[in-house]
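Input: a single structure, listed below in structure tokens.
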There are 2 protein chains.
Amino acid sequence: MRIGEAAAAAGMTTKALRYYEGRGLLPAPVRNANGYREYTQATINRLHFIRRGRAAALSLTQIREILRLRDAGETPCTHVQDLLSRELSDLDDQIAELVSLRDTVAEFQRNAERADPDSCDPAQICSFI
Amino acid sequence: MRIGEAAAAAGMTTKALRYYEGRGLLPAPVRNANGYREYTQATINRLHFIRRGRAAALSLTQIREILRLRDAGETPCTHVQDLLSRELSDLDDQIAELVSLRDTVAEFQRNAERADPDSCDPAQICSFI
DNA sequence: CTGTACCTTCCCCTTAGAGGGAAGGTCAAG
DNA sequence: CTTGACCTTCCCTCTAAGGGGAAGGTACAG
């Protein structure tokens, strides 16, 4: 099938497929006589995997690494387990940071509720930030 | 004082100060005879406010808005209250999204612990993502 | 006179993951 | 015969907040 059909089948754009090819997530496809890329079901499977990886917030670089292991005939399981562990702790860090920021902002907001515009020092711009 | 001293006093770089000027967060400063920017304590106050705003994860655009209100002789309190409310709910959304992603990844990881590499379908690339 | 520590403007580079659009080739239908 | 829907490559643009570095001016110490 051609690129448009493959992209539609994976719920992606043709731009994305060419981009993935350029980034090394898709192998250079067979070209037919007119130069058009020709894809098979294997490409669709790959695209579905990329989608699942993206949904899990893996970067294209991480996904490429998994694909390379699989292409090299290895089972990427161990690698993926490591990846997921690190991602989980990254996510925990990000969440903790956001929660801390949220607390800061919430405190600013509490200050703001009690604020008196008239007693505010203009030199400080805004007294409750 | 010159830009280097002002930047140091605010814990910023000279690049940042010029950038803030370009973005409209700092007014065009007085230039002395050799063309150097000349700053006063008012600039430092402004820079400290910008720092506090950044620490509260406000964007430069949002900070500029607050500064403009203050420069226009208004008290930016009400505006800042709105800004903080919206930011708080944005943060809550972001946190909820990250937590949901974390749950997804954690589930993938639980699957991965029980995974059997030999029963994995290569066409699917990786069965637990 | 020279070094060096400032300052100026100007333009390009960074991250991530594409999207927009130009200029041109291909192919089937009406 | 032409229209329209595909496809190709190539280059530019986006967000945010600056950083890097070139080419050149300035000021002061030794």
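Simple scheme: letters A, B, ... for chains in structure tokens order, numbers from 1 for residues in each chain, numbers from 1 for ligands in the order shown.
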(request) Would you kindly return, as a list in words, each protein, DNA or RNA residue with an atom no farther than 10 Å from any atom of Tyr20 in chain A, considering only C-alpha atoms (C1' of nucleotides) and excluding same-chain residues fewer than 5 positions away? (result)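 In the requested form, the answer reads Thr14, Lys15, Leu25, Leu26, Pro27, Leu47, Ile50, Leu60 and Arg64 of chain A; DG17 and DA18 of chain C.
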Can you write out the residues you just picked, keeping C-alpha atoms (C1' of nucleotides), as a tab-separated table (two decimals), in the first residue's frame?
chain	number	residue	atom	x	y	z
A	14	THR	CA	2.10	11.01	5.79
A	15	LYS	CA	4.40	13.67	7.21
A	25	LEU	CA	12.13	4.25	13.19
A	26	LEU	CA	11.03	2.91	9.85
A	27	PRO	CA	13.36	1.21	7.38
A	47	LEU	CA	3.39	2.07	13.37
A	50	ILE	CA	5.14	3.45	17.75
A	60	LEU	CA	11.01	8.52	19.42
A	64	ARG	CA	13.80	3.48	17.97
C	17	DG	C1'	7.86	16.23	16.92
C	18	DA	C1'	6.20	17.23	13.57
(request) Return the neighbours of chain D among the residues of chain B, cut-off 10 Å, counting only C-alpha atoms (C1' of nucleotides), as a ChimeraX atom specification. (result) /B:13,15-20,34-36,59-60
Would you mind listing, for every residue of chain A within 8 Å of chain B, the two atoms forming the shortest contact and the distance between them in Å to one decimal, using only C-alpha atoms, sorted by chain and ascending residue number, as JSON lines?
{"residue": "A:Ala42", "atom": "CA", "partner": "B:Ala123", "partner_atom": "CA", "distance": 7.0}
{"residue": "A:Asn45", "atom": "CA", "partner": "B:Gln124", "partner_atom": "CA", "distance": 6.2}
{"residue": "A:Arg46", "atom": "CA", "partner": "B:Ile125", "partner_atom": "CA", "distance": 7.2}
{"residue": "A:Phe49", "atom": "CA", "partner": "B:Ile125", "partner_atom": "CA", "distance": 6.8}
{"residue": "A:Arg52", "atom": "CA", "partner": "B:Ile129", "partner_atom": "CA", "distance": 6.2}
{"residue": "A:Gly53", "atom": "CA", "partner": "B:Ile129", "partner_atom": "CA", "distance": 6.5}
{"residue": "A:Ala56", "atom": "CA", "partner": "B:Val105", "partner_atom": "CA", "distance": 6.2}
{"residue": "A:Ala57", "atom": "CA", "partner": "B:Leu101", "partner_atom": "CA", "distance": 7.7}
{"residue": "A:Ile66", "atom": "CA", "partner": "B:Ile125", "partner_atom": "CA", "distance": 8.0}
{"residue": "A:Leu67", "atom": "CA", "partner": "B:Ile125", "partner_atom": "CA", "distance": 6.9}
{"residue": "A:Arg70", "atom": "CA", "partner": "B:Ile125", "partner_atom": "CA", "distance": 6.3}
{"residue": "A:Thr75", "atom": "CA", "partner": "B:Pro117", "partner_atom": "CA", "distance": 6.3}
{"residue": "A:Pro76", "atom": "CA", "partner": "B:Cys126", "partner_atom": "CA", "distance": 7.0}
{"residue": "A:Cys77", "atom": "CA", "partner": "B:Pro117", "partner_atom": "CA", "distance": 6.4}
{"residue": "A:Gln81", "atom": "CA", "partner": "B:Ala112", "partner_atom": "CA", "distance": 6.3}
{"residue": "A:Leu84", "atom": "CA", "partner": "B:Gln109", "partner_atom": "CA", "distance": 6.2}
{"residue": "A:Ser85", "atom": "CA", "partner": "B:Gln109", "partner_atom": "CA", "distance": 7.3}
{"residue": "A:Glu87", "atom": "CA", "partner": "B:Val105", "partner_atom": "CA", "distance": 7.8}
{"residue": "A:Leu88", "atom": "CA", "partner": "B:Arg102", "partner_atom": "CA", "distance": 6.4}
{"residue": "A:Leu91", "atom": "CA", "partner": "B:Arg102", "partner_atom": "CA", "distance": 6.3}
{"residue": "A:Asp92", "atom": "CA", "partner": "B:Arg102", "partner_atom": "CA", "distance": 7.6}
{"residue": "A:Ile95", "atom": "CA", "partner": "B:Ile95", "partner_atom": "CA", "distance": 6.2}
{"residue": "A:Leu98", "atom": "CA", "partner": "B:Ile95", "partner_atom": "CA", "distance": 6.6}
{"residue": "A:Val99", "atom": "CA", "partner": "B:Ile95", "partner_atom": "CA", "distance": 7.2}
{"residue": "A:Leu101", "atom": "CA", "partner": "B:Ala56", "partner_atom": "CA", "distance": 6.8}
{"residue": "A:Arg102", "atom": "CA", "partner": "B:Leu91", "partner_atom": "CA", "distance": 6.3}
{"residue": "A:Thr104", "atom": "CA", "partner": "B:Ala56", "partner_atom": "CA", "distance": 6.9}
{"residue": "A:Val105", "atom": "CA", "partner": "B:Ala56", "partner_atom": "CA", "distance": 6.2}
{"residue": "A:Ala106", "atom": "CA", "partner": "B:Leu88", "partner_atom": "CA", "distance": 6.8}
{"residue": "A:Phe108", "atom": "CA", "partner": "B:Leu84", "partner_atom": "CA", "distance": 7.6}
{"residue": "A:Gln109", "atom": "CA", "partner": "B:Leu84", "partner_atom": "CA", "distance": 6.2}
{"residue": "A:Ala112", "atom": "CA", "partner": "B:Gln81", "partner_atom": "CA", "distance": 6.3}
{"residue": "A:Glu113", "atom": "CA", "partner": "B:Gln81", "partner_atom": "CA", "distance": 7.7}
{"residue": "A:Ala115", "atom": "CA", "partner": "B:Cys77", "partner_atom": "CA", "distance": 7.9}
{"residue": "A:Pro117", "atom": "CA", "partner": "B:Thr75", "partner_atom": "CA", "distance": 6.3}
{"residue": "A:Pro122", "atom": "CA", "partner": "B:Arg70", "partner_atom": "CA", "distance": 7.3}
{"residue": "A:Ala123", "atom": "CA", "partner": "B:Asn45", "partner_atom": "CA", "distance": 6.6}
{"residue": "A:Gln124", "atom": "CA", "partner": "B:Asn45", "partner_atom": "CA", "distance": 6.2}
{"residue": "A:Ile125", "atom": "CA", "partner": "B:Arg70", "partner_atom": "CA", "distance": 6.3}
{"residue": "A:Cys126", "atom": "CA", "partner": "B:Pro76", "partner_atom": "CA", "distance": 7.0}
{"residue": "A:Ile129", "atom": "CA", "partner": "B:Arg52", "partner_atom": "CA", "distance": 6.2}
(request) Could you list, as a list in words, the residues of chain C having an atom within 10 Å of chain B when counting only C-alpha atoms (C1' of nucleotides)? (result) DC6, DC7 and DT8 of chain C
Expected file: the selected residues, N, CA and C atoms (P, O5', C5', C4', C3', O3' and C1' of nucleotides), as an mmCIF file, in the first residue's frame:
data_model
loop_
_atom_site.group_PDB
_atom_site.id
_atom_site.type_symbol
_atom_site.label_atom_id
_atom_site.label_comp_id
_atom_site.auth_asym_id
_atom_site.auth_seq_id
_atom_site.Cartn_x
_atom_site.Cartn_y
_atom_site.Cartn_z
ATOM 1 P P DC C 6 34.420 41.466 34.014
ATOM 2 O "O5'" DC C 6 33.277 42.488 33.632
ATOM 3 C "C5'" DC C 6 32.799 42.523 32.303
ATOM 4 C "C4'" DC C 6 32.801 43.941 31.812
ATOM 5 C "C3'" DC C 6 31.583 44.247 30.950
ATOM 6 O "O3'" DC C 6 30.575 44.832 31.745
ATOM 7 C "C1'" DC C 6 33.602 44.990 29.882
ATOM 8 P P DC C 7 29.058 44.533 31.382
ATOM 9 O "O5'" DC C 7 28.905 45.213 29.938
ATOM 10 C "C5'" DC C 7 28.741 46.617 29.850
ATOM 11 C "C4'" DC C 7 28.886 47.073 28.408
ATOM 12 C "C3'" DC C 7 27.819 46.523 27.462
ATOM 13 O "O3'" DC C 7 26.682 47.362 27.454
ATOM 14 C "C1'" DC C 7 29.984 46.550 26.463
ATOM 15 P P DT C 8 25.367 46.815 26.678
ATOM 16 O "O5'" DT C 8 25.717 46.964 25.127
ATOM 17 C "C5'" DT C 8 25.882 48.266 24.560
ATOM 18 C "C4'" DT C 8 26.112 48.160 23.063
ATOM 19 C "C3'" DT C 8 25.111 47.287 22.340
ATOM 20 O "O3'" DT C 8 23.964 48.028 21.990
ATOM 21 C "C1'" DT C 8 27.326 46.829 21.593
#
(request) Using DSSP on the backbone coordinates, identify the residues of range 51-120 of chain B assigned to helix (DSSP H, G or I); present them as a VMD selection string. (result) chain B and resid 51 to 55 60 to 71 77 to 113 117 to 119
DSSP on the backbone: what in chain B comes out strand (DSSP E or B), as a compact mmCIF listing (two decimals) with N, CA and C atoms, in the first residue's frame?
# COMPACT_ATOMS: atom_id res chain seq x y z
N VAL B 30 18.20 54.06 29.86
CA VAL B 30 19.07 55.19 29.53
C VAL B 30 20.41 54.64 29.05
N ARG B 31 20.97 55.30 28.05
CA ARG B 31 22.30 54.90 27.59
C ARG B 31 23.28 55.98 28.02
N ARG B 37 24.11 50.43 28.41
CA ARG B 37 22.84 50.57 29.14
C ARG B 37 23.13 50.94 30.59
N GLU B 38 22.32 51.84 31.11
CA GLU B 38 22.51 52.27 32.50
C GLU B 38 21.24 51.95 33.28
(request) May I ask for the distance between CA of Glu65 in chain B and CA of Gly11 in chain B, given in Å to one decimal place? (result)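 According to the coordinates, CA of Glu65 in chain B and CA of Gly11 in chain B are separated by 22.3 Å.
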